[in-house]
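J.: Next comes input.txt, compact mmCIF, C-alpha atoms and all ligand atoms:
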# COMPACT_ATOMS: atom_id res chain seq x y z
CA MET A 1 -18.34 69.19 -13.88
CA ILE A 2 -15.34 69.63 -11.64
CA GLN A 3 -13.14 66.55 -11.37
CA ILE A 4 -9.84 66.85 -9.54
CA ALA A 5 -7.59 63.81 -9.11
CA ILE A 6 -4.92 63.61 -6.41
CA ASP A 7 -2.59 60.63 -6.34
CA GLY A 8 0.59 59.80 -4.50
CA PRO A 9 2.23 57.48 -2.00
CA ALA A 10 1.18 56.87 1.60
CA GLY A 11 1.26 59.74 4.06
CA ALA A 12 2.13 62.44 1.52
CA GLY A 13 -0.65 64.76 2.72
CA LYS A 14 -3.06 64.10 -0.16
CA SER A 15 -6.12 63.99 2.04
CA THR A 16 -5.18 67.20 3.89
CA VAL A 17 -5.01 69.20 0.66
CA ALA A 18 -8.01 67.37 -0.86
CA LYS A 19 -10.22 68.11 2.15
CA ALA A 20 -9.19 71.76 2.28
CA LEU A 21 -9.71 72.21 -1.47
CA ALA A 22 -13.12 70.51 -1.33
CA LYS A 23 -14.16 72.84 1.50
CA ALA A 24 -12.95 75.93 -0.38
CA LEU A 25 -14.73 74.84 -3.56
CA LYS A 26 -17.81 73.60 -1.64
CA ILE A 27 -17.70 70.24 -3.40
CA ASN A 28 -17.42 66.65 -2.18
CA TYR A 29 -14.19 64.86 -1.40
CA LEU A 30 -13.89 61.13 -2.00
CA ASP A 31 -11.17 59.42 0.01
CA THR A 32 -10.76 56.21 -2.01
CA GLY A 33 -8.17 54.86 0.44
CA ALA A 34 -10.98 54.67 3.01
CA MET A 35 -12.86 52.41 0.58
CA TYR A 36 -9.93 49.96 0.27
CA ARG A 37 -9.54 50.08 4.05
CA ALA A 38 -13.26 49.42 4.60
CA LEU A 39 -13.23 46.52 2.16
CA ALA A 40 -10.18 44.98 3.84
CA TYR A 41 -11.87 45.41 7.22
CA ALA A 42 -15.04 43.69 5.97
CA VAL A 43 -13.10 40.75 4.51
CA ILE A 44 -11.05 40.26 7.69
CA ASN A 45 -14.27 40.44 9.73
CA LYS A 46 -15.58 37.50 7.75
CA GLY A 47 -12.58 35.51 8.95
CA ILE A 48 -10.95 35.52 5.50
CA SER A 49 -7.22 36.10 5.06
CA ILE A 50 -6.45 38.80 2.47
CA SER A 51 -3.74 36.56 1.03
CA ASP A 52 -6.37 33.95 0.13
CA ARG A 53 -7.29 35.55 -3.19
CA GLU A 54 -9.93 32.99 -4.18
CA LYS A 55 -11.84 33.37 -0.93
CA VAL A 56 -11.57 37.16 -1.07
CA GLU A 57 -12.93 37.13 -4.62
CA SER A 58 -15.88 34.94 -3.73
CA ALA A 59 -16.74 37.11 -0.71
CA LEU A 60 -16.85 40.35 -2.73
CA ASP A 61 -20.42 40.00 -4.01
CA ASP A 62 -21.75 39.62 -0.48
CA ILE A 63 -20.16 42.83 0.75
CA CYS A 64 -22.39 45.85 0.31
CA MET A 65 -20.52 49.15 0.38
CA SER A 66 -22.07 52.59 0.19
CA ILE A 67 -20.77 56.13 0.43
CA SER A 68 -22.71 58.98 1.96
CA TYR A 69 -22.03 62.58 2.90
CA VAL A 70 -23.22 64.44 5.97
CA ASP A 71 -22.19 68.12 6.15
CA GLY A 72 -19.42 67.44 3.64
CA THR A 73 -17.96 64.52 5.65
CA GLN A 74 -17.67 61.20 3.87
CA TYR A 75 -18.95 58.01 5.47
CA VAL A 76 -18.11 54.56 4.13
CA PHE A 77 -20.68 52.02 5.21
CA VAL A 78 -20.16 48.30 4.84
CA ASP A 79 -23.21 46.13 5.35
CA GLY A 80 -24.83 49.06 7.15
CA ILE A 81 -21.94 49.75 9.56
CA ASP A 82 -19.94 53.01 9.58
CA THR A 83 -16.36 51.77 9.23
CA ALA A 84 -14.59 55.01 10.30
CA PRO A 85 -13.70 53.89 13.85
CA TYR A 86 -12.00 50.68 12.65
CA ILE A 87 -9.94 51.47 9.56
CA ARG A 88 -7.04 53.71 10.62
CA THR A 89 -4.79 51.09 12.22
CA PRO A 90 -1.39 50.07 10.74
CA GLU A 91 -2.76 46.51 10.18
CA ILE A 92 -5.68 47.79 8.11
CA SER A 93 -3.31 50.10 6.15
CA MET A 94 -1.29 47.10 5.00
CA ALA A 95 -4.40 44.95 4.43
CA ALA A 96 -5.90 47.73 2.27
CA SER A 97 -2.76 47.81 0.15
CA SER A 98 -2.88 44.01 -0.18
CA ILE A 99 -6.53 43.87 -1.16
CA GLY A 100 -5.71 46.55 -3.74
CA THR A 101 -3.54 44.02 -5.60
CA ILE A 102 -6.67 41.94 -6.40
CA PRO A 103 -8.16 43.21 -9.68
CA MET A 104 -11.73 42.05 -8.86
CA ALA A 105 -11.62 44.03 -5.61
CA ARG A 106 -10.41 47.13 -7.45
CA ILE A 107 -13.11 46.82 -10.10
CA LYS A 108 -15.81 46.67 -7.41
CA LEU A 109 -14.54 49.89 -5.81
CA VAL A 110 -13.74 51.72 -9.04
CA GLU A 111 -17.37 51.22 -10.17
CA LEU A 112 -18.58 53.01 -7.05
CA GLN A 113 -15.93 55.73 -7.45
CA ARG A 114 -16.91 56.42 -11.06
CA GLU A 115 -20.60 56.43 -10.15
CA THR A 116 -19.90 59.01 -7.42
CA ALA A 117 -17.84 61.12 -9.85
CA SER A 118 -20.70 61.07 -12.35
CA LYS A 119 -23.16 62.45 -9.78
CA PHE A 120 -21.24 65.29 -8.12
CA ASP A 121 -18.41 67.73 -8.66
CA ILE A 122 -15.62 65.90 -6.90
CA ILE A 123 -12.06 65.82 -5.60
CA MET A 124 -10.80 62.26 -5.30
CA ASP A 125 -7.57 61.05 -3.81
CA GLY A 126 -5.91 57.66 -4.04
CA ARG A 127 -3.34 55.82 -6.09
CA ASP A 128 -4.92 55.34 -9.54
CA ILE A 129 -7.35 58.25 -9.77
CA GLY A 130 -5.67 60.24 -12.55
CA THR A 131 -4.37 57.18 -14.40
CA TYR A 132 -7.38 54.85 -14.23
CA VAL A 133 -10.49 55.97 -12.32
CA ILE A 134 -11.10 59.38 -13.94
CA PRO A 135 -8.36 59.72 -16.58
CA ASP A 136 -10.26 62.63 -18.21
CA ALA A 137 -10.08 64.79 -15.07
CA LYS A 138 -9.04 68.31 -16.08
CA LEU A 139 -6.76 68.76 -13.10
CA LYS A 140 -4.46 66.10 -11.67
CA PHE A 141 -1.88 66.27 -8.93
CA TYR A 142 0.76 63.76 -7.91
CA ILE A 143 1.76 64.65 -4.37
CA THR A 144 4.77 63.08 -2.73
CA ALA A 145 7.44 63.69 -0.04
CA SER A 146 10.47 61.80 1.26
CA SER A 147 9.62 58.58 3.11
CA ARG A 148 11.03 60.05 6.36
CA GLU A 149 8.89 63.16 6.14
CA ARG A 150 5.83 61.04 5.34
CA ALA A 151 6.56 58.80 8.34
CA ILE A 152 6.77 61.88 10.56
CA ARG A 153 3.41 63.15 9.28
CA ARG A 154 1.74 59.73 9.60
CA SER A 155 3.13 59.28 13.12
CA ARG A 156 1.63 62.61 14.12
CA ASP A 157 -1.80 61.46 12.86
CA LEU A 158 -1.53 58.13 14.69
CA GLU A 159 -0.45 59.84 17.91
CA ARG A 160 -3.33 62.27 17.65
CA ALA A 161 -5.62 59.22 17.41
CA GLY A 162 -4.16 57.97 20.70
CA MET A 163 -1.74 55.34 19.31
CA THR A 164 1.89 54.91 20.43
CA VAL A 165 4.24 54.85 17.45
CA ASP A 166 7.81 54.09 16.51
CA ILE A 167 8.78 56.36 13.58
CA ASP A 168 11.23 53.83 12.11
CA GLU A 169 8.49 51.19 12.04
CA VAL A 170 6.03 53.64 10.48
CA GLU A 171 8.61 54.48 7.79
CA LYS A 172 9.26 50.78 7.08
CA ASP A 173 5.51 50.14 6.73
CA ILE A 174 5.15 53.11 4.40
CA ILE A 175 8.00 51.90 2.17
CA ARG A 176 6.57 48.34 2.07
CA ARG A 177 3.15 49.67 1.18
CA ASP A 178 4.51 51.98 -1.54
CA GLU A 179 6.40 49.08 -3.10
CA GLN A 180 3.27 46.96 -3.20
CA ASP A 181 1.12 49.84 -4.51
CA MET A 182 3.64 50.76 -7.23
CA ASN A 183 4.40 47.24 -8.38
CA ARG A 184 0.99 45.60 -8.58
CA GLU A 185 -0.06 44.59 -12.08
CA PHE A 186 -3.47 46.22 -12.28
CA ALA A 187 -3.67 50.05 -12.05
CA PRO A 188 -0.46 50.57 -10.05
CA LEU A 189 0.45 53.85 -8.40
CA ARG A 190 2.24 56.10 -10.84
CA CYS A 191 2.24 59.74 -11.83
CA ALA A 192 -0.10 60.34 -14.79
CA ASP A 193 1.66 61.94 -17.76
CA ASP A 194 -0.57 65.00 -17.47
CA ALA A 195 -0.41 65.35 -13.67
CA ILE A 196 1.29 68.19 -11.79
CA TYR A 197 4.11 66.58 -9.77
CA LEU A 198 4.63 68.14 -6.38
CA ASP A 199 7.30 67.17 -3.85
CA THR A 200 6.05 68.56 -0.54
CA THR A 201 8.99 67.46 1.66
CA GLU A 202 9.96 71.07 2.36
CA MET A 203 6.45 72.54 2.19
CA SER A 204 3.89 73.27 4.89
CA ALA A 205 0.27 72.15 4.45
CA GLU A 206 -0.65 75.83 3.89
CA GLU A 207 1.92 76.19 1.09
CA VAL A 208 0.63 73.03 -0.59
CA LEU A 209 -2.94 74.32 -0.41
CA GLU A 210 -1.92 77.73 -1.78
CA PHE A 211 -0.17 76.04 -4.71
CA ALA A 212 -3.20 73.79 -5.39
CA ILE A 213 -5.61 76.76 -5.30
CA LYS A 214 -3.43 78.61 -7.81
CA LYS A 215 -3.64 75.62 -10.16
CA VAL A 216 -7.42 75.28 -9.66
CA LYS A 217 -7.83 78.93 -10.67
CA GLU A 218 -5.59 78.46 -13.71
CA VAL A 219 -7.71 75.53 -14.91
CA TYR A 220 -11.24 76.53 -13.85
CA GLY A 221 -10.94 80.35 -13.77
CA ASN A 222 -10.56 82.83 -10.90
CA GLU A 223 -14.31 83.02 -10.29
CA ILE A 224 -14.44 79.42 -9.06
CA LEU A 225 -13.04 80.46 -5.66
O1 LIG B 1 -4.73 56.42 0.98
P1 LIG B 1 -4.62 55.32 2.06
O2 LIG B 1 -3.31 55.29 2.76
O3 LIG B 1 -5.78 55.40 3.01
O4 LIG B 1 -4.78 53.93 1.24
C1 LIG B 1 -4.65 52.66 1.86
C2 LIG B 1 -4.22 51.63 0.83
O5 LIG B 1 -5.32 51.41 -0.06
C3 LIG B 1 -3.05 52.00 -0.06
O6 LIG B 1 -1.81 51.62 0.49
C4 LIG B 1 -3.34 51.24 -1.33
C5 LIG B 1 -4.84 51.14 -1.39
N1 LIG B 1 -5.42 52.10 -2.33
C6 LIG B 1 -5.41 51.75 -3.65
O7 LIG B 1 -4.89 50.69 -4.02
N2 LIG B 1 -5.98 52.58 -4.57
C7 LIG B 1 -6.55 53.73 -4.22
N3 LIG B 1 -7.12 54.51 -5.14
C8 LIG B 1 -6.54 54.13 -2.85
C9 LIG B 1 -5.94 53.28 -1.93
Step by step, read the file and then write its structure as structure tokens.

T.:
Amino acid sequence: MIQIAIDGPAGAGKSTVAKALAKALKINYLDTGAMYRALAYAVINKGISISDREKVESALDDICMSISYVDGTQYVFVDGIDTAPYIRTPEISMAASSIGTIPMARIKLVELQRETASKFDIIMDGRDIGTYVIPDAKLKFYITASSRERAIRRSRDLERAGMTVDIDEVEKDIIRRDEQDMNREFAPLRCADDAIYLDTTEMSAEEVLEFAIKKVKEVYGNEIL
């Protein structure tokens, strides 16, 4: 089975390389950030504040999340609704990071992530993939970039989605989110000891992909691609 883990802070370009690698390898890509976003969205929709841990915990059992793939694209459904149109706002980004500090919420999502990894060859990206979700993955990357460069990339994505952005605000949000993701008690963001650390500040998306493909071939053999 192919299992590739990609971790790193917000806006580092993990999903760009993960999607491209999954396409090249013809395997599924699991964006675990979308799952935390969808869960945060569902909780907020129930009128519950993410900071009210007890209420969040008691709502978890009533939230039914499922993942499906159509033509290689991942869909995260919550209670039968496709969450994609609602989960890419700055508010949901922060709420996803906050819900990720609640161990019961993580356990619910990690179960689904491990189940998906047991069914298909997979590339997963997130914050705790190589350290906690699939620690036996044969290939792990930790992808990062300076906070300014990440803010520039994230701003471009938001603008493409029709939002007006202030780069300084985007950078501040990214730094706040990283701090929360790195300092939570349960499965915090960190580089696994056996991960390949890649600072992409000075690299183009094509160069990152080229590097990742080289590593995939080293681990799984040239014939895989
Ligand atoms: O990858 P992303 O920016 O879509 O993730 C949104 C937030 O979700 C991130 O700031 C922290 C949380 N998250 C997490 O705690 N663990 C993961 N494996 C993925 C995301």

J.: Could you report the residues within 6 Å of ligand LIG 1 (chain B), using only C-alpha atoms and all ligand atoms, as number ranges by chain?

T.: A: 10, 32-34, 36-37, 93, 96-97, 100, 126-129, 177, 181

J.: If we count all atoms listed in the file and set the cut-off at 12 Å, which residues sit around Glu179 of chain A, ignoring sequence neighbours fewer than 4 positions away in its own chain? Please answer as a ChimeraX atom specification.

T.: /A:9-10,94,97-98,101,147,172-175,183-185,188-190

J.: Take the residues from that selection and put them in a file with C-alpha atoms, as a short mmCIF file (atom, residue, chain, number, x, y, z; two decimals), keeping the file's coordinate frame.

T.:
data_model
loop_
_atom_site.label_atom_id
_atom_site.label_comp_id
_atom_site.auth_asym_id
_atom_site.auth_seq_id
_atom_site.Cartn_x
_atom_site.Cartn_y
_atom_site.Cartn_z
CA PRO A 9 2.23 57.48 -2.00
CA ALA A 10 1.18 56.87 1.60
CA MET A 94 -1.29 47.10 5.00
CA SER A 97 -2.76 47.81 0.15
CA SER A 98 -2.88 44.01 -0.18
CA THR A 101 -3.54 44.02 -5.60
CA SER A 147 9.62 58.58 3.11
CA LYS A 172 9.26 50.78 7.08
CA ASP A 173 5.51 50.14 6.73
CA ILE A 174 5.15 53.11 4.40
CA ILE A 175 8.00 51.90 2.17
CA ASN A 183 4.40 47.24 -8.38
CA ARG A 184 0.99 45.60 -8.58
CA GLU A 185 -0.06 44.59 -12.08
CA PRO A 188 -0.46 50.57 -10.05
CA LEU A 189 0.45 53.85 -8.40
CA ARG A 190 2.24 56.10 -10.84
#

J.: Would you mind listing what lies within 8 Å of segment 58-75 of chain A as a list in words, with all atoms listed in the file counted and same-chain residues fewer than 4 positions away left out?

T.: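 My reading of the contact set: Lys23, Ile27, Asn28, Tyr29, Leu30, Asp31, Leu39, Ala42, Val43, Glu54, Asp79, Gly80, Asp82, Thr83, Ala84, Ala105 and Lys108 of chain A.
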
J.: Okay, now the selection with C-alpha atoms, as a CSV table (one decimal), in the coordinates of the input?

T.:
chain,number,residue,atom,x,y,z
A,23,LYS,CA,-14.2,72.8,1.5
A,27,ILE,CA,-17.7,70.2,-3.4
A,28,ASN,CA,-17.4,66.6,-2.2
A,29,TYR,CA,-14.2,64.9,-1.4
A,30,LEU,CA,-13.9,61.1,-2.0
A,31,ASP,CA,-11.2,59.4,0.0
A,39,LEU,CA,-13.2,46.5,2.2
A,42,ALA,CA,-15.0,43.7,6.0
A,43,VAL,CA,-13.1,40.8,4.5
A,54,GLU,CA,-9.9,33.0,-4.2
A,79,ASP,CA,-23.2,46.1,5.4
A,80,GLY,CA,-24.8,49.1,7.2
A,82,ASP,CA,-19.9,53.0,9.6
A,83,THR,CA,-16.4,51.8,9.2
A,84,ALA,CA,-14.6,55.0,10.3
A,105,ALA,CA,-11.6,44.0,-5.6
A,108,LYS,CA,-15.8,46.7,-7.4

J.: Could you pull the residues within 12 Å of Cys191 of chain A, counting all atoms listed in the file, minus those fewer than 2 positions along the same chain, as a PyMOL selection string?

T.: chain A and resi 5-9+126-132+135+140-144+182+187-189+193-198

J.: Of the candidates A:Ala18, A:Leu25, A:Glu206, A:Gly11, which one gets nearest to Asn222 of chain A if we count all atoms listed in the file?

T.: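 Once distances to Asn222 of chain A are computed over all atoms listed in the file, the minimum belongs to A:Leu25.
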
J.: Pick out the residues sitting within 10 Å of Ala24 of chain A, and hand them over as a ChimeraX atom specification; count all atoms listed in the file, and ignore anything fewer than 4 positions along from it in its own chain.

T.: /A:18-20,213,224-225

J.: With distances taken over only C-alpha atoms, which of A:Lys138, A:Arg88, A:Lys46, A:Lys214 is nearest to Ala161 of chain A?

T.: A:Arg88
